[in-house]
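Student: Enclosed is the structure file target.csv (CSV, C-alpha atoms and all ligand atoms).
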chain,number,residue,atom,x,y,z
A,20,MET,CA,-12.7,-9.0,-1.7
A,21,LEU,CA,-10.8,-12.2,-2.6
A,22,ASP,CA,-11.0,-13.5,-6.2
A,23,VAL,CA,-9.8,-17.0,-7.1
A,24,THR,CA,-9.9,-17.6,-10.8
A,25,ASP,CA,-9.5,-20.9,-12.7
A,26,LEU,CA,-7.1,-22.2,-10.0
A,27,THR,CA,-5.5,-25.6,-10.5
A,28,LEU,CA,-3.2,-27.4,-8.1
A,29,LYS,CA,-1.2,-30.6,-8.4
A,30,TYR,CA,0.6,-32.9,-6.0
A,31,GLY,CA,3.3,-34.4,-8.2
A,32,GLN,CA,1.4,-35.7,-11.3
A,33,SER,CA,-2.0,-35.8,-9.6
A,34,GLN,CA,-4.2,-32.8,-10.4
A,35,ILE,CA,-6.3,-32.1,-7.3
A,36,LEU,CA,-8.0,-28.8,-8.1
A,37,ASN,CA,-9.5,-28.4,-11.6
A,38,GLY,CA,-10.1,-24.8,-12.3
A,39,ILE,CA,-11.7,-23.4,-9.1
A,40,ASN,CA,-13.4,-20.1,-9.2
A,41,LEU,CA,-14.4,-18.5,-5.9
A,42,THR,CA,-15.2,-15.0,-4.7
A,43,ALA,CA,-15.3,-14.1,-1.0
A,44,LYS,CA,-16.7,-10.7,-0.1
A,45,LYS,CA,-16.0,-8.4,2.8
A,46,GLY,CA,-18.5,-8.8,5.6
A,47,GLU,CA,-19.6,-12.3,4.4
A,48,ILE,CA,-18.8,-15.8,5.3
A,49,THR,CA,-18.2,-18.0,2.3
A,50,ALA,CA,-18.7,-21.6,3.5
A,51,VAL,CA,-16.8,-24.2,1.4
A,52,MET,CA,-18.2,-27.7,1.9
A,53,GLY,CA,-17.7,-31.2,0.7
A,54,THR,CA,-16.8,-34.7,1.8
A,55,ASN,CA,-13.4,-35.9,2.7
A,56,GLY,CA,-10.7,-35.5,0.1
A,57,VAL,CA,-12.5,-33.3,-2.4
A,58,GLY,CA,-9.8,-30.6,-2.1
A,59,LYS,CA,-11.0,-28.1,0.5
A,60,THR,CA,-7.8,-27.9,2.5
A,61,SER,CA,-5.8,-27.8,-0.7
A,62,LEU,CA,-7.8,-24.8,-1.9
A,63,LEU,CA,-7.1,-23.0,1.4
A,64,LYS,CA,-3.4,-23.9,1.2
A,65,ALA,CA,-3.2,-22.5,-2.3
A,66,ILE,CA,-4.9,-19.2,-1.3
A,67,ALA,CA,-2.6,-19.0,1.7
A,68,GLY,CA,0.5,-19.5,-0.4
A,69,ARG,CA,1.3,-22.8,1.4
A,70,HIS,CA,1.3,-24.8,-1.8
A,71,PRO,CA,2.2,-23.6,-5.3
A,72,ILE,CA,-0.6,-23.3,-7.8
A,73,ALA,CA,-0.3,-25.0,-11.2
A,74,SER,CA,-2.3,-22.3,-13.0
A,75,GLY,CA,-4.9,-19.6,-12.3
A,76,SER,CA,-4.8,-16.5,-10.2
A,77,ILE,CA,-5.5,-15.1,-6.8
A,78,ALA,CA,-6.4,-11.5,-6.4
A,79,LEU,CA,-7.2,-9.3,-3.4
A,80,ASN,CA,-9.3,-6.1,-3.9
A,81,GLY,CA,-8.5,-6.3,-7.6
A,82,SER,CA,-4.8,-6.7,-7.3
A,83,LEU,CA,-3.2,-10.0,-8.3
A,84,ILE,CA,-0.9,-11.5,-5.7
A,85,GLU,CA,2.3,-12.0,-7.6
A,86,LYS,CA,5.0,-14.5,-6.5
A,87,HIS,CA,2.4,-16.2,-4.3
A,88,SER,CA,4.1,-17.5,-1.2
A,89,ALA,CA,3.0,-17.8,2.5
A,90,VAL,CA,4.8,-14.6,3.4
A,91,ASN,CA,3.4,-12.6,0.4
A,92,ALA,CA,-0.1,-13.9,1.1
A,93,ALA,CA,0.1,-12.9,4.7
A,94,ARG,CA,1.6,-9.4,3.8
A,95,ALA,CA,-1.2,-8.9,1.3
A,96,GLY,CA,-3.7,-9.5,4.1
A,97,ILE,CA,-4.6,-13.2,3.9
A,98,ALA,CA,-4.7,-14.9,7.2
A,99,TYR,CA,-4.8,-18.7,7.5
A,100,VAL,CA,-6.0,-20.8,10.4
A,101,PRO,CA,-4.9,-24.4,9.4
A,102,GLN,CA,-6.7,-27.6,10.2
A,103,GLY,CA,-5.1,-28.9,13.5
A,104,ARG,CA,-4.4,-25.3,14.6
A,105,GLU,CA,-0.6,-25.5,14.6
A,106,VAL,CA,-0.2,-23.9,18.0
A,107,PHE,CA,3.4,-23.9,19.3
A,108,PRO,CA,3.2,-26.2,22.4
A,109,MET,CA,6.2,-24.9,24.2
A,110,MET,CA,5.6,-21.2,23.7
A,111,THR,CA,3.3,-19.2,25.9
A,112,VAL,CA,-0.1,-17.9,24.7
A,113,THR,CA,1.5,-14.4,24.3
A,114,GLU,CA,4.5,-15.7,22.4
A,115,ASN,CA,2.2,-17.7,20.1
A,116,LEU,CA,0.2,-14.6,19.4
A,117,GLU,CA,3.3,-12.6,18.7
A,118,THR,CA,4.4,-15.1,16.0
A,119,GLY,CA,1.4,-13.7,14.1
A,120,PHE,CA,3.5,-10.6,13.4
A,121,ALA,CA,6.3,-12.6,11.8
A,122,CYS,CA,5.2,-11.6,8.3
A,123,LEU,CA,5.6,-7.9,9.1
A,124,ASP,CA,8.9,-6.0,9.5
A,125,GLY,CA,11.2,-6.5,12.5
A,126,ARG,CA,9.8,-3.8,14.8
A,127,ALA,CA,8.3,-4.9,18.2
A,128,HIS,CA,4.6,-5.4,18.1
A,129,ASN,CA,2.1,-5.6,20.9
A,130,VAL,CA,-1.0,-7.8,21.0
A,131,PRO,CA,-3.8,-5.3,20.4
A,132,ASP,CA,-6.6,-5.1,23.0
A,133,HIS,CA,-9.4,-6.0,20.6
A,134,ILE,CA,-7.8,-9.5,20.4
A,135,TYR,CA,-8.3,-10.0,24.1
A,136,GLU,CA,-11.7,-8.5,24.0
A,137,LEU,CA,-12.7,-11.2,21.4
A,138,PHE,CA,-11.0,-13.9,23.3
A,139,PRO,CA,-10.9,-13.1,27.1
A,140,VAL,CA,-9.7,-16.6,27.9
A,141,LEU,CA,-6.4,-15.8,26.1
A,142,HIS,CA,-5.8,-12.8,28.4
A,143,GLU,CA,-6.4,-15.0,31.5
A,144,MET,CA,-4.0,-17.6,30.2
A,145,SER,CA,-1.4,-15.3,28.6
A,146,ALA,CA,1.5,-16.9,30.5
A,147,ARG,CA,0.4,-20.5,30.0
A,148,ARG,CA,2.1,-22.8,27.4
A,149,GLY,CA,0.1,-23.4,24.2
A,150,GLY,CA,0.4,-27.1,24.6
A,151,ASP,CA,-1.4,-26.9,28.0
A,152,LEU,CA,-4.5,-25.3,26.6
A,153,SER,CA,-7.6,-27.3,25.7
A,154,GLY,CA,-8.5,-27.9,22.1
A,155,GLY,CA,-11.1,-25.1,22.2
A,156,GLN,CA,-8.7,-22.7,23.7
A,157,GLN,CA,-6.0,-23.6,21.2
A,158,GLN,CA,-8.5,-23.0,18.4
A,159,GLN,CA,-9.2,-19.5,19.9
A,160,LEU,CA,-5.5,-18.9,20.0
A,161,ALA,CA,-5.0,-19.9,16.4
A,162,ILE,CA,-7.8,-17.6,15.2
A,163,ALA,CA,-6.5,-14.8,17.4
A,164,ARG,CA,-3.0,-15.2,16.1
A,165,ALA,CA,-4.4,-15.0,12.5
A,166,LEU,CA,-6.3,-11.8,13.3
A,167,ILE,CA,-3.4,-10.0,14.9
A,168,THR,CA,-2.2,-8.3,11.7
A,169,LYS,CA,-5.8,-7.1,10.9
A,170,PRO,CA,-6.1,-9.2,7.7
A,171,SER,CA,-8.7,-8.6,5.1
A,172,VAL,CA,-9.3,-12.3,4.4
A,173,LEU,CA,-9.5,-15.0,7.1
A,174,LEU,CA,-9.3,-18.6,6.0
A,175,LEU,CA,-10.6,-21.1,8.5
A,176,ASP,CA,-10.0,-24.8,8.0
A,177,GLU,CA,-12.4,-27.0,10.1
A,178,PRO,CA,-12.4,-24.8,13.2
A,179,THR,CA,-14.9,-27.1,15.1
A,180,GLU,CA,-12.7,-30.2,14.6
A,181,GLY,CA,-12.2,-32.0,18.0
A,182,ILE,CA,-13.9,-29.2,20.0
A,183,GLN,CA,-16.5,-29.7,22.7
A,184,PRO,CA,-20.1,-28.3,21.9
A,185,ASN,CA,-20.1,-25.3,24.3
A,186,ILE,CA,-16.9,-24.0,22.8
A,187,ILE,CA,-18.1,-24.6,19.3
A,188,GLN,CA,-20.9,-22.2,20.0
A,189,HIS,CA,-18.5,-19.6,21.2
A,190,ILE,CA,-16.3,-20.0,18.2
A,191,GLY,CA,-19.4,-19.6,15.9
A,192,ASP,CA,-20.3,-16.5,17.8
A,193,VAL,CA,-16.8,-15.0,17.3
A,194,ILE,CA,-16.8,-15.8,13.5
A,195,ALA,CA,-20.3,-14.2,13.2
A,196,LYS,CA,-19.1,-11.2,15.1
A,197,LEU,CA,-16.1,-10.8,12.8
A,198,ARG,CA,-18.4,-11.0,9.8
A,199,ASP,CA,-20.8,-8.5,11.3
A,200,GLN,CA,-17.9,-6.0,11.9
A,201,GLY,CA,-17.8,-5.9,8.1
A,202,GLU,CA,-14.1,-5.5,7.6
A,203,ILE,CA,-13.1,-9.0,6.6
A,204,ALA,CA,-13.9,-11.7,4.1
A,205,ILE,CA,-14.2,-15.1,5.8
A,206,VAL,CA,-13.7,-18.4,4.0
A,207,LEU,CA,-14.9,-21.2,6.2
A,208,VAL,CA,-14.1,-24.8,5.3
A,209,GLU,CA,-16.2,-27.0,7.6
A,210,GLN,CA,-17.6,-30.5,7.7
A,211,PHE,CA,-19.9,-29.8,10.6
A,212,PHE,CA,-23.0,-29.2,8.4
A,213,ASP,CA,-25.2,-27.3,10.8
A,214,PHE,CA,-22.4,-25.0,11.9
A,215,ALA,CA,-21.5,-24.1,8.3
A,216,PHE,CA,-25.2,-23.9,7.3
A,217,GLU,CA,-26.0,-21.5,10.1
A,218,LEU,CA,-23.0,-19.2,9.4
A,219,GLY,CA,-22.7,-19.2,5.7
A,220,ASP,CA,-23.8,-16.2,3.6
A,221,GLN,CA,-22.5,-17.9,0.4
A,222,PHE,CA,-22.2,-21.6,-0.1
A,223,VAL,CA,-19.6,-23.3,-2.3
A,224,THR,CA,-19.7,-27.0,-2.6
A,225,MET,CA,-16.9,-29.1,-4.0
A,226,ASN,CA,-16.6,-32.6,-5.4
A,227,ARG,CA,-13.4,-34.2,-6.8
A,228,GLY,CA,-11.5,-30.9,-7.1
A,229,SER,CA,-14.4,-28.9,-8.8
A,230,VAL,CA,-17.0,-26.5,-7.6
A,231,THR,CA,-20.5,-28.1,-7.8
A,232,LEU,CA,-22.5,-25.2,-6.4
A,233,ASP,CA,-21.8,-21.5,-5.7
A,234,ALA,CA,-24.9,-19.7,-4.4
A,235,PRO,CA,-26.0,-17.2,-1.8
A,236,SER,CA,-27.6,-18.7,1.3
A,237,LYS,CA,-31.0,-17.2,0.4
A,238,ASP,CA,-31.1,-19.4,-2.7
A,239,VAL,CA,-29.9,-22.6,-1.1
A,240,GLU,CA,-32.3,-25.1,0.5
A,241,ARG,CA,-30.9,-27.1,3.4
A,242,GLU,CA,-31.8,-30.5,2.0
A,243,LYS,CA,-30.2,-29.7,-1.4
A,244,LEU,CA,-27.0,-28.6,0.2
A,245,LEU,CA,-27.0,-31.6,2.5
A,246,GLY,CA,-27.3,-33.8,-0.5
A,247,LEU,CA,-24.5,-32.2,-2.3
A,248,VAL,CA,-22.0,-32.5,0.6
A,249,SER,CA,-22.9,-36.0,1.8
A,250,VAL,CA,-22.2,-38.0,-1.4
B,301,LIG,N1,0.7,-33.4,0.4
B,301,LIG,C1,-0.1,-34.2,-0.4
B,301,LIG,N2,0.5,-35.0,-1.3
B,301,LIG,C2,-0.3,-35.8,-2.2
B,301,LIG,N3,-1.6,-35.8,-2.1
B,301,LIG,C3,-2.3,-35.0,-1.2
B,301,LIG,C4,-1.5,-34.2,-0.3
B,301,LIG,N4,-2.4,-33.5,0.4
B,301,LIG,C5,-3.6,-33.9,0.0
B,301,LIG,N5,-3.5,-34.8,-1.0
B,301,LIG,C6,-4.7,-35.5,-1.7
B,301,LIG,O1,-5.4,-34.4,-2.3
B,301,LIG,C7,-6.8,-34.7,-2.2
B,301,LIG,C8,-7.5,-33.5,-1.6
B,301,LIG,O2,-7.1,-33.4,-0.2
B,301,LIG,P1,-7.6,-32.3,0.7
B,301,LIG,O3,-6.9,-32.5,2.1
B,301,LIG,O4,-7.4,-31.0,0.1
B,301,LIG,O5,-9.1,-32.6,0.8
B,301,LIG,P2,-10.2,-32.1,1.9
B,301,LIG,O6,-11.4,-31.9,1.1
B,301,LIG,O7,-9.7,-30.9,2.7
B,301,LIG,O8,-10.4,-33.3,2.8
B,301,LIG,P3,-10.6,-33.4,4.4
B,301,LIG,O9,-12.0,-32.9,4.6
B,301,LIG,O10,-10.5,-34.9,4.7
B,301,LIG,O11,-9.6,-32.6,5.1
B,301,LIG,C9,-6.9,-36.0,-1.5
B,301,LIG,O12,-7.1,-37.0,-2.4
B,301,LIG,C10,-5.6,-36.1,-0.7
B,301,LIG,O13,-5.3,-37.5,-0.5
As structure tokens - that is how I would like this structure written.
Ligand SMILES: Nc1ncnc2c1ncn2[C@@H]1O[C@H](COP(=O)(O)OP(=O)(O)OP(=O)(O)O)[C@@H](O)[C@H]1O

Tutor:
Amino acid sequence: MLDVTDLTLKYGQSQILNGINLTAKKGEITAVMGTNGVGKTSLLKAIAGRHPIASGSIALNGSLIEKHSAVNAARAGIAYVPQGREVFPMMTVTENLETGFACLDGRAHNVPDHIYELFPVLHEMSARRGGDLSGGQQQQLAIARALITKPSVLLLDEPTEGIQPNIIQHIGDVIAKLRDQGEIAIVLVEQFFDFAFELGDQFVTMNRGSVTLDAPSKDVEREKLLGLVSV
């Protein structure tokens, strides 16, 4: 379980996150929603150790993550799929996947079979360069790379962005399957409302760097949620 407590974040003098509290449970999808610029990506970057926090804490299964950095977050079991995917264009699919092991020690690591079972297309295209894949295939590669170290938390930033509808469905199915396997807490930042609404077990909405709603899906009406995220 991921616990974010009273987290604040600044860019220079501007405070962007104002005391965020968020819990993401194993076997659930916590959908973080809100309009452009409310701080969703900044929140994920803070959890992933990609940007220093100004105050607050991040804990995994009850243990505080000290000296929060990208490497320490990854070693603790927090995997991050950034907006825009950040696939290495000149490296092959296999090489891209192997970069997922970078946070571990120097021993050789092989891509586990379950990754190719989730994403058969990556097996078919293992020798192709990352830059030659379609947007949807790149998104699958980015998620697969994040899963390679068997993380306990998966942070997904706008996985449907720029992806054609039939692949969006496939990516939704994979995220649901990961949730149903029950081993991982998934935090999904997503602006595609219906995608997030269908997948979310817990909804967190944000506005101007603060949480405006945090409730389980059974207590959230579609129209209310839509109103909160389309200000
Ligand atoms: N590196 C940065 N330096 C300064 N300001 C930034 C930086 N990154 C983001 N911001 C500002 O912080 C605020 C929150 O941005 P953030 O990207 O976290 O929002 P978001 O909710 O993810 O938006 P979007 O849905 O458009 O990605 C915005 O006002 C943005 O302009």

Student: Considering only C-alpha atoms, can you say which of A:Asp22, A:Gln102, A:His70, A:Glu114 comes closest to His87 of chain A?

Tutor: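 When distances to His87 of chain A are compared using only C-alpha atoms, the smallest one comes from A:His70.
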
Student: From the list A:Asp192, A:Asp213, A:Glu202, A:Glu136, which residue is nearest Met20 of chain A when using only C-alpha atoms?

Tutor: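 Result for the nearest residue to Met20 of chain A: A:Glu202.
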
Student: Counting only C-alpha atoms and all ligand atoms, which residues of chain A sit at most 12 Å from some atom of ligand LIG 301 (chain B), and what is each one's closest atom pair with its distance in Å to one decimal, listed by chain and rising residue number, as JSON lines?

Tutor:
{"residue": "A:Leu28", "atom": "CA", "partner": "B:LIG301", "partner_atom": "O1", "distance": 9.4}
{"residue": "A:Lys29", "atom": "CA", "partner": "B:LIG301", "partner_atom": "C2", "distance": 8.1}
{"residue": "A:Tyr30", "atom": "CA", "partner": "B:LIG301", "partner_atom": "C2", "distance": 4.9}
{"residue": "A:Gly31", "atom": "CA", "partner": "B:LIG301", "partner_atom": "C2", "distance": 7.1}
{"residue": "A:Gln32", "atom": "CA", "partner": "B:LIG301", "partner_atom": "C2", "distance": 9.3}
{"residue": "A:Ser33", "atom": "CA", "partner": "B:LIG301", "partner_atom": "N3", "distance": 7.5}
{"residue": "A:Gln34", "atom": "CA", "partner": "B:LIG301", "partner_atom": "O1", "distance": 8.3}
{"residue": "A:Ile35", "atom": "CA", "partner": "B:LIG301", "partner_atom": "O1", "distance": 5.6}
{"residue": "A:Leu36", "atom": "CA", "partner": "B:LIG301", "partner_atom": "C8", "distance": 8.0}
{"residue": "A:Asn37", "atom": "CA", "partner": "B:LIG301", "partner_atom": "C8", "distance": 11.4}
{"residue": "A:Val51", "atom": "CA", "partner": "B:LIG301", "partner_atom": "O6", "distance": 9.4}
{"residue": "A:Met52", "atom": "CA", "partner": "B:LIG301", "partner_atom": "O6", "distance": 8.0}
{"residue": "A:Gly53", "atom": "CA", "partner": "B:LIG301", "partner_atom": "O6", "distance": 6.4}
{"residue": "A:Thr54", "atom": "CA", "partner": "B:LIG301", "partner_atom": "O9", "distance": 5.8}
{"residue": "A:Asn55", "atom": "CA", "partner": "B:LIG301", "partner_atom": "O10", "distance": 3.7}
{"residue": "A:Gly56", "atom": "CA", "partner": "B:LIG301", "partner_atom": "O5", "distance": 3.4}
{"residue": "A:Val57", "atom": "CA", "partner": "B:LIG301", "partner_atom": "O6", "distance": 3.9}
{"residue": "A:Gly58", "atom": "CA", "partner": "B:LIG301", "partner_atom": "O4", "distance": 3.3}
{"residue": "A:Lys59", "atom": "CA", "partner": "B:LIG301", "partner_atom": "O7", "distance": 3.8}
{"residue": "A:Thr60", "atom": "CA", "partner": "B:LIG301", "partner_atom": "O7", "distance": 3.6}
{"residue": "A:Ser61", "atom": "CA", "partner": "B:LIG301", "partner_atom": "O4", "distance": 3.7}
{"residue": "A:Leu62", "atom": "CA", "partner": "B:LIG301", "partner_atom": "O4", "distance": 6.5}
{"residue": "A:Leu63", "atom": "CA", "partner": "B:LIG301", "partner_atom": "O4", "distance": 8.1}
{"residue": "A:Lys64", "atom": "CA", "partner": "B:LIG301", "partner_atom": "O4", "distance": 8.2}
{"residue": "A:Ala65", "atom": "CA", "partner": "B:LIG301", "partner_atom": "O4", "distance": 9.8}
{"residue": "A:Arg69", "atom": "CA", "partner": "B:LIG301", "partner_atom": "N1", "distance": 10.7}
{"residue": "A:His70", "atom": "CA", "partner": "B:LIG301", "partner_atom": "N1", "distance": 8.9}
{"residue": "A:Pro71", "atom": "CA", "partner": "B:LIG301", "partner_atom": "N1", "distance": 11.4}
{"residue": "A:Pro101", "atom": "CA", "partner": "B:LIG301", "partner_atom": "O11", "distance": 10.4}
{"residue": "A:Gln102", "atom": "CA", "partner": "B:LIG301", "partner_atom": "O11", "distance": 7.7}
{"residue": "A:Gly103", "atom": "CA", "partner": "B:LIG301", "partner_atom": "O11", "distance": 10.2}
{"residue": "A:Leu175", "atom": "CA", "partner": "B:LIG301", "partner_atom": "O7", "distance": 11.4}
{"residue": "A:Asp176", "atom": "CA", "partner": "B:LIG301", "partner_atom": "O7", "distance": 8.1}
{"residue": "A:Glu177", "atom": "CA", "partner": "B:LIG301", "partner_atom": "O11", "distance": 8.0}
{"residue": "A:Pro178", "atom": "CA", "partner": "B:LIG301", "partner_atom": "O11", "distance": 11.6}
{"residue": "A:Glu180", "atom": "CA", "partner": "B:LIG301", "partner_atom": "O11", "distance": 10.3}
{"residue": "A:Leu207", "atom": "CA", "partner": "B:LIG301", "partner_atom": "O7", "distance": 11.5}
{"residue": "A:Val208", "atom": "CA", "partner": "B:LIG301", "partner_atom": "O7", "distance": 8.0}
{"residue": "A:Glu209", "atom": "CA", "partner": "B:LIG301", "partner_atom": "O9", "distance": 7.8}
{"residue": "A:Gln210", "atom": "CA", "partner": "B:LIG301", "partner_atom": "O9", "distance": 6.8}
{"residue": "A:Phe211", "atom": "CA", "partner": "B:LIG301", "partner_atom": "O9", "distance": 10.4}
{"residue": "A:Thr224", "atom": "CA", "partner": "B:LIG301", "partner_atom": "O6", "distance": 10.3}
{"residue": "A:Met225", "atom": "CA", "partner": "B:LIG301", "partner_atom": "O6", "distance": 8.0}
{"residue": "A:Asn226", "atom": "CA", "partner": "B:LIG301", "partner_atom": "O6", "distance": 8.4}
{"residue": "A:Arg227", "atom": "CA", "partner": "B:LIG301", "partner_atom": "C8", "distance": 7.9}
{"residue": "A:Gly228", "atom": "CA", "partner": "B:LIG301", "partner_atom": "C8", "distance": 7.3}
{"residue": "A:Ser229", "atom": "CA", "partner": "B:LIG301", "partner_atom": "O6", "distance": 10.8}
{"residue": "A:Val230", "atom": "CA", "partner": "B:LIG301", "partner_atom": "O6", "distance": 11.7}
{"residue": "A:Val248", "atom": "CA", "partner": "B:LIG301", "partner_atom": "O6", "distance": 10.6}
{"residue": "A:Ser249", "atom": "CA", "partner": "B:LIG301", "partner_atom": "O9", "distance": 11.7}

Student: Tell me, as a list in words, which residues lie within 10 Å of Met109 of chain A, counting all atoms listed in the file; anything in the same chain fewer than 3 positions away does not count.

Tutor: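 The residues satisfying every condition are Val106, Val112, Glu114, Asn115, Arg147, Arg148, Gly149, Gly150 and Asp151 of chain A.
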
Student: Between atom CA of Gly119 of chain A and atom CA of His142 of chain A, what is the distance in Å, rounded to a tenth?

Tutor: 16.0 Å

Student: So which one's closest to Ala121 of chain A, A:Ala165, A:Ile48, A:Ile134, A:Leu152? Using only C-alpha atoms, please.

Tutor: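 Ranked by minimum distance to Ala121 of chain A, first place goes to A:Ala165.
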
Student: Nearest to Ser88 of chain A among A:Val223, A:Leu21, A:Val206, A:Ala67, with distances taken over all atoms listed in the file: which residue is it?

Tutor: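 Using all atoms listed in the file, Ser88 of chain A sits closest to A:Ala67.
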
Student: Tell me which of A:Val193, A:Glu105, A:Ala204, A:Pro170 sits closest to Gln157 of chain A, counting all atoms listed in the file.

Tutor: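 Of the candidates, the smallest distance to Gln157 of chain A is held by A:Glu105.
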
Student: Considering only C-alpha atoms, can you say which of A:Val23, A:Leu232, A:Leu79, A:Val140 comes closest to Leu247 of chain A?

Tutor: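 Comparing A:Val23, A:Leu232, A:Leu79, A:Val140 against Leu247 of chain A, the winner is A:Leu232.
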
Student: Could you list, as a PyMOL selection string, every residue within 9 Å of Lys237 of chain A, counting all atoms listed in the file and ignoring same-chain residues fewer than 2 positions away?

Tutor: chain A and resi 220-221+234-235+239-240

Student: Can you tell me, as a PyMOL selection string, what residues are no more than 6 Å from Ile203 of chain A when counting only C-alpha atoms, ignoring any on the same chain fewer than 3 positions away?

Tutor: chain A and resi 45-46+171-172

Student: In Å to one decimal, how far is atom CA of Lys44 of chain A from atom CA of Phe138 of chain A?

Tutor: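 Separating atom CA of Phe138 of chain A from atom CA of Lys44 of chain A is a distance of 24.3 Å.
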
Student: Between atom CA of Thr168 of chain A and atom CA of Gly96 of chain A, what is the distance, to one decimal in Å?

Tutor: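 We find that atom CA of Thr168 of chain A and atom CA of Gly96 of chain A lie 7.8 Å from each other.
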
Student: In the coordinate frame of the file, compute which residues have an atom within 10 Å of (-16.9, -18.2, -12.8) when using only C-alpha atoms, and state them as number ranges by chain.

Tutor: A: 23-25, 38-42, 230, 233
